[in-house]
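Enquirer: Got work-v1.pdb for you, PDB, C-alpha atoms:
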ATOM      1  CA  MET A   1      12.544  -6.962  15.324
ATOM      2  CA  TYR A   2       8.962  -6.484  14.237
ATOM      3  CA  GLU A   3       8.230  -4.363  11.195
ATOM      4  CA  ILE A   4       5.101  -2.314  10.598
ATOM      5  CA  ARG A   5       4.298  -1.239   7.065
ATOM      6  CA  PRO A   6       1.362  -0.379   4.862
ATOM      7  CA  ALA A   7      -0.384  -3.528   3.665
ATOM      8  CA  GLN A   8       0.150  -4.665   0.110
ATOM      9  CA  GLU A   9      -2.289  -6.511  -2.107
ATOM     10  CA  ASP A  10      -0.498  -9.824  -1.573
ATOM     11  CA  ASP A  11      -0.969  -9.457   2.209
ATOM     12  CA  LEU A  12      -4.736 -10.065   1.938
ATOM     13  CA  PRO A  13      -4.569 -13.891   2.134
ATOM     14  CA  HIS A  14      -2.320 -13.611   5.199
ATOM     15  CA  VAL A  15      -4.669 -11.162   6.936
ATOM     16  CA  GLN A  16      -7.637 -13.401   6.069
ATOM     17  CA  ALA A  17      -5.784 -16.386   7.549
ATOM     18  CA  LEU A  18      -5.183 -14.398  10.749
ATOM     19  CA  VAL A  19      -8.889 -13.514  10.909
ATOM     20  CA  ARG A  20      -9.948 -17.141  10.419
ATOM     21  CA  ALA A  21      -7.482 -18.330  13.074
ATOM     22  CA  ARG A  22      -8.590 -15.636  15.514
ATOM     23  CA  LEU A  23     -12.288 -16.394  14.912
ATOM     24  CA  ARG A  24     -11.646 -20.082  15.662
ATOM     25  CA  THR A  25      -9.831 -19.139  18.868
ATOM     26  CA  LEU A  26     -12.610 -16.772  19.961
ATOM     27  CA  LYS A  27     -15.232 -19.443  19.301
ATOM     28  CA  LEU A  28     -13.284 -21.986  21.376
ATOM     29  CA  ARG A  29     -13.114 -19.460  24.232
ATOM     30  CA  GLY A  30     -16.818 -18.652  24.000
ATOM     31  CA  VAL A  31     -16.161 -15.040  23.039
ATOM     32  CA  ALA A  32     -18.144 -13.132  20.426
ATOM     33  CA  ARG A  33     -16.418 -12.490  17.121
ATOM     34  CA  GLY A  34     -15.008  -9.200  18.341
ATOM     35  CA  MET A  35     -14.141  -6.645  15.693
ATOM     36  CA  LEU A  36     -13.527  -9.229  12.970
ATOM     37  CA  THR A  37     -15.089 -10.446   9.771
ATOM     38  CA  LEU A  38     -13.521 -11.741   6.588
ATOM     39  CA  ALA A  39     -15.348  -8.952   4.736
ATOM     40  CA  ASP A  40     -13.527  -6.465   6.970
ATOM     41  CA  ALA A  41     -10.225  -8.102   6.030
ATOM     42  CA  GLU A  42     -11.025  -7.841   2.329
ATOM     43  CA  ARG A  43     -12.231  -4.231   2.536
ATOM     44  CA  ALA A  44      -9.382  -3.192   4.762
ATOM     45  CA  ALA A  45      -6.604  -4.822   2.712
ATOM     46  CA  SER A  46      -5.857  -1.430   1.187
ATOM     47  CA  GLU A  47      -6.362   0.373   4.520
ATOM     48  CA  HIS A  48      -4.357  -1.899   6.794
ATOM     49  CA  VAL A  49      -1.025  -1.578   8.339
ATOM     50  CA  VAL A  50       0.520  -4.986   8.862
ATOM     51  CA  MET A  51       3.023  -6.092  11.460
ATOM     52  CA  THR A  52       5.502  -8.718  10.364
ATOM     53  CA  TRP A  53       8.119 -10.910  11.984
ATOM     54  CA  ASP A  54      10.676 -12.437   9.581
ATOM     55  CA  ALA A  55       8.467 -11.303   6.671
ATOM     56  CA  GLN A  56       5.455 -13.228   8.056
ATOM     57  CA  VAL A  57       2.289 -11.198   8.738
ATOM     58  CA  VAL A  58       1.490 -11.588  12.450
ATOM     59  CA  GLY A  59      -0.903  -8.668  12.936
ATOM     60  CA  ALA A  60      -2.919  -5.993  11.163
ATOM     61  CA  VAL A  61      -4.616  -2.797  12.216
ATOM     62  CA  THR A  62      -6.692  -0.124  10.482
ATOM     63  CA  LEU A  63      -6.518   3.361  11.938
ATOM     64  CA  ILE A  64      -8.951   6.028  10.808
ATOM     65  CA  ALA A  65      -8.079   9.660  11.287
ATOM     66  CA  HIS A  66     -10.347  11.379  13.833
ATOM     67  CA  MET A  67     -13.822  10.145  13.061
ATOM     68  CA  PRO A  68     -16.339  11.149  15.709
ATOM     69  CA  ARG A  69     -19.237   8.725  15.870
ATOM     70  CA  ARG A  70     -22.689   9.658  16.974
ATOM     71  CA  GLU A  71     -22.186   7.963  20.362
ATOM     72  CA  ARG A  72     -19.208  10.154  21.212
ATOM     73  CA  THR A  73     -19.719  13.253  23.341
ATOM     74  CA  GLU A  74     -18.947  16.759  22.109
ATOM     75  CA  ARG A  75     -15.846  16.673  24.310
ATOM     76  CA  ASP A  76     -14.736  13.391  22.687
ATOM     77  CA  ALA A  77     -15.358  14.802  19.225
ATOM     78  CA  ALA A  78     -13.212  17.850  20.015
ATOM     79  CA  GLN A  79     -10.202  15.705  20.910
ATOM     80  CA  PRO A  80      -8.018  14.570  18.009
ATOM     81  CA  ALA A  81      -7.975  10.779  17.999
ATOM     82  CA  PHE A  82      -7.420   7.791  15.757
ATOM     83  CA  GLU A  83     -10.205   5.243  15.592
ATOM     84  CA  VAL A  84      -9.074   1.622  15.566
ATOM     85  CA  ALA A  85     -11.544   0.223  13.056
ATOM     86  CA  PHE A  86      -9.938  -3.206  12.760
ATOM     87  CA  MET A  87      -7.266  -5.124  14.638
ATOM     88  CA  VAL A  88      -6.234  -8.755  14.432
ATOM     89  CA  THR A  89      -3.203 -10.649  15.687
ATOM     90  CA  ASP A  90      -1.922 -14.177  15.362
ATOM     91  CA  PRO A  91      -3.565 -16.239  18.141
ATOM     92  CA  ALA A  92      -0.737 -18.797  18.303
ATOM     93  CA  PRO A  93       0.663 -19.604  21.757
ATOM     94  CA  GLY A  94       3.351 -17.137  22.755
ATOM     95  CA  SER A  95       1.936 -14.344  20.609
ATOM     96  CA  GLU A  96       0.147 -12.488  23.415
ATOM     97  CA  VAL A  97       2.487  -9.524  23.028
ATOM     98  CA  LEU A  98       1.272  -8.730  19.490
ATOM     99  CA  GLY A  99      -1.901  -6.866  20.506
ATOM    100  CA  TRP A 100       0.100  -4.940  23.081
ATOM    101  CA  LEU A 101       2.684  -3.975  20.430
ATOM    102  CA  LEU A 102       0.029  -2.848  17.940
ATOM    103  CA  THR A 103      -1.692  -0.810  20.661
ATOM    104  CA  ARG A 104       1.567   0.825  21.764
ATOM    105  CA  TRP A 105       2.612   1.521  18.167
ATOM    106  CA  ALA A 106      -0.777   3.125  17.383
ATOM    107  CA  ALA A 107      -0.607   5.203  20.587
ATOM    108  CA  ASP A 108       2.939   6.263  19.679
ATOM    109  CA  LEU A 109       1.879   7.221  16.138
ATOM    110  CA  ALA A 110      -1.038   9.180  17.576
ATOM    111  CA  ALA A 111       1.289  11.063  19.942
ATOM    112  CA  ARG A 112       3.754  11.803  17.143
ATOM    113  CA  THR A 113       0.970  13.270  15.004
ATOM    114  CA  GLY A 114      -0.642  15.467  17.674
ATOM    115  CA  HIS A 115      -3.532  13.208  18.647
ATOM    116  CA  VAL A 116      -4.748  12.760  22.203
ATOM    117  CA  PHE A 117      -6.168   9.212  22.068
ATOM    118  CA  ILE A 118      -6.689   6.096  20.058
ATOM    119  CA  ARG A 119     -10.258   4.849  20.372
ATOM    120  CA  ALA A 120     -12.269   1.751  19.558
ATOM    121  CA  ARG A 121     -15.732   0.250  19.848
ATOM    122  CA  VAL A 122     -15.388  -3.203  21.373
ATOM    123  CA  PRO A 123     -18.444  -5.459  20.979
ATOM    124  CA  ASP A 124     -17.897  -8.078  23.666
ATOM    125  CA  SER A 125     -17.489  -7.537  27.393
ATOM    126  CA  ARG A 126     -14.778 -10.224  27.682
ATOM    127  CA  LEU A 127     -12.873  -8.654  24.799
ATOM    128  CA  ALA A 128     -13.292  -5.221  26.402
ATOM    129  CA  GLU A 129     -11.863  -6.646  29.617
ATOM    130  CA  HIS A 130      -8.887  -7.989  27.640
ATOM    131  CA  PHE A 131      -8.365  -4.561  26.057
ATOM    132  CA  HIS A 132      -8.395  -3.053  29.546
ATOM    133  CA  THR A 133      -6.311  -5.530  31.542
ATOM    134  CA  SER A 134      -3.849  -6.733  28.898
ATOM    135  CA  LEU A 135      -3.557  -3.822  26.489
ATOM    136  CA  GLY A 136      -4.030  -0.821  28.792
ATOM    137  CA  TRP A 137      -7.211   0.615  27.269
ATOM    138  CA  GLU A 138      -9.695   2.593  29.390
ATOM    139  CA  HIS A 139     -13.409   1.815  29.347
ATOM    140  CA  VAL A 140     -15.242   5.072  28.579
ATOM    141  CA  ARG A 141     -18.878   3.942  28.576
ATOM    142  CA  PRO A 142     -21.242   1.349  27.119
ATOM    143  CA  VAL A 143     -23.253   2.183  24.009
ATOM    144  CA  HIS A 144     -26.488   0.523  22.927
ATOM    145  CA  THR A 145     -26.967   0.309  19.166
ATOM    146  CA  GLY A 146     -30.262   0.431  17.320
ATOM    147  CA  THR A 147     -29.993  -3.328  16.766
ATOM    148  CA  GLY A 148     -29.847  -4.087  20.487
ATOM    149  CA  SER A 149     -26.119  -4.743  20.603
ATOM    150  CA  VAL A 150     -23.988  -3.242  23.355
ATOM    151  CA  TYR A 151     -20.492  -1.971  22.658
ATOM    152  CA  SER A 152     -17.854  -0.698  25.028
ATOM    153  CA  LEU A 153     -16.318   2.570  23.968
ATOM    154  CA  MET A 154     -12.629   2.262  24.796
ATOM    155  CA  GLN A 155      -9.721   4.664  24.552
ATOM    156  CA  HIS A 156      -5.990   4.614  25.101
ATOM    157  CA  PRO A 157      -3.930   7.765  25.635
ATOM    158  CA  ALA A 158      -1.581   8.788  22.866
ATOM    159  CA  VAL A 159       1.846   8.211  24.413
ATOM    160  CA  ARG A 160       5.315   8.171  22.887
ATOM    161  CA  SER A 161       7.050   4.781  23.064
ATOM    162  CA  PRO A 162      10.392   5.273  21.320
ATOM    163  CA  ALA A 163      11.853   2.012  22.675
ATOM    164  CA  LEU A 164       9.286  -0.295  21.048
ATOM    165  CA  PRO A 165      10.896  -3.236  19.229
ATOM    166  CA  VAL A 166       9.107  -2.165  16.046
ATOM    167  CA  THR A 167      10.522  -0.617  12.890
ATOM    168  CA  GLU A 168       8.243   1.385  10.590
ATOM    169  CA  VAL A 169       8.844   0.614   6.938
ATOM    170  CA  GLY A 170       7.384   3.064   4.462
ATOM    171  CA  GLY A 171       5.165   5.990   5.260
ATOM    172  CA  PHE A 172       1.846   5.584   6.951
ATOM    173  CA  THR A 173      -1.152   7.868   6.698
ATOM    174  CA  PRO A 174      -4.293   6.944   8.637
ATOM    175  CA  PHE A 175      -7.366   6.380   6.547
ATOM    176  CA  PRO A 176      -9.170   9.700   6.062
ATOM    177  CA  PRO A 177     -12.061  10.777   8.264
ATOM    178  CA  GLU A 178     -14.425  10.697   5.279
ATOM    179  CA  CYS A 179     -14.580   6.896   5.690
ATOM    180  CA  PRO A 180     -18.136   5.738   6.178
ATOM    181  CA  ALA A 181     -18.911   4.855   9.774
ATOM    182  CA  ARG A 182     -19.575   1.212  10.505
ATOM    183  CA  ASP A 183     -22.436   0.216  12.808
TER     184      ASP A 183
END
Show me the file's structure as structure tokens.
Expert:
Amino acid sequence: MYEIRPAQEDDLPHVQALVRARLRTLKLRGVARGMLTLADAERAASEHVVMTWDAQVVGAVTLIAHMPRRERTERDAAQPAFEVAFMVTDPAPGSEVLGWLLTRWAADLAARTGHVFIRARVPDSRLAEHFHTSLGWEHVRPVHTGTGSVYSLMQHPAVRSPALPVTEVGGFTPFPPECPARD
């Protein structure tokens, strides 16, 4: 059974290793870096929730309590949602289910806490397609940043999934909405 728990300080090297492995895999596939940087892993070490299998970190996610961004509509901003600010999973063969599990767990947590969606900004069209086809996210609309980049705004409905093969260990509180927005 997978376990999800708040990250601890000694998880940082494991999360960084996941990021490096995922970045290598993305580069080999010709996909942009996605939502990942090593700086994000370092900053988010205290914000992460990690997923483990046999005490080995196989995934990490940072959820921020409802944080409307300037590209969201008034309707979006009025809907309680978690923002997925960071997500990484082990890219090893056979680990394709990890992103799906983290998505379903986050959607379940959102539903249990009265949220309507989980949302993310996805910077690469191939990654956005993966979020849609493999993880069940909906494409909301593209957003052009001031730097010329294009992101896909994605969302996934908050849905209970009580049968997930995931055990929560310890309490989890999403990072507060006062977090600075990342561009």
Enquirer: Determine the residue set returned by the PyMOL selection byres ((chain A and resi 113) around 12) for the present structure, and present it as an MDAnalysis selection string.
Expert: chainID A and resid 65:66 80:82 106:112 114:118 158:160 172:174
Enquirer: Would you mind telling me which residue in A:Glu71, A:Arg126, A:Val49, A:Ala120 lies nearest to Gly146 (chain A) when using all atoms listed in the file?
Expert: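 Looking at the shortest contact to Gly146 (chain A), the residue is A:Glu71.
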Enquirer: Under the rule that all atoms listed in the file are counted, which of A:Glu129, A:Glu74, A:Glu96, A:Glu3 is the nearest residue to Asp54 (chain A)?
Expert: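 Using all atoms listed in the file, the shortest distance to Asp54 (chain A) belongs to A:Glu3.
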Enquirer: What is the CA of Pro157 (chain A) to CA of Val84 (chain A) distance in Å?
Expert: 12.9 Å
Enquirer: Between CA of His156 (chain A) and CA of Trp137 (chain A), measure the distance and give it in Å to one decimal.
Expert: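 Interatomic distance, CA of His156 (chain A) to CA of Trp137 (chain A): 4.7 Å.
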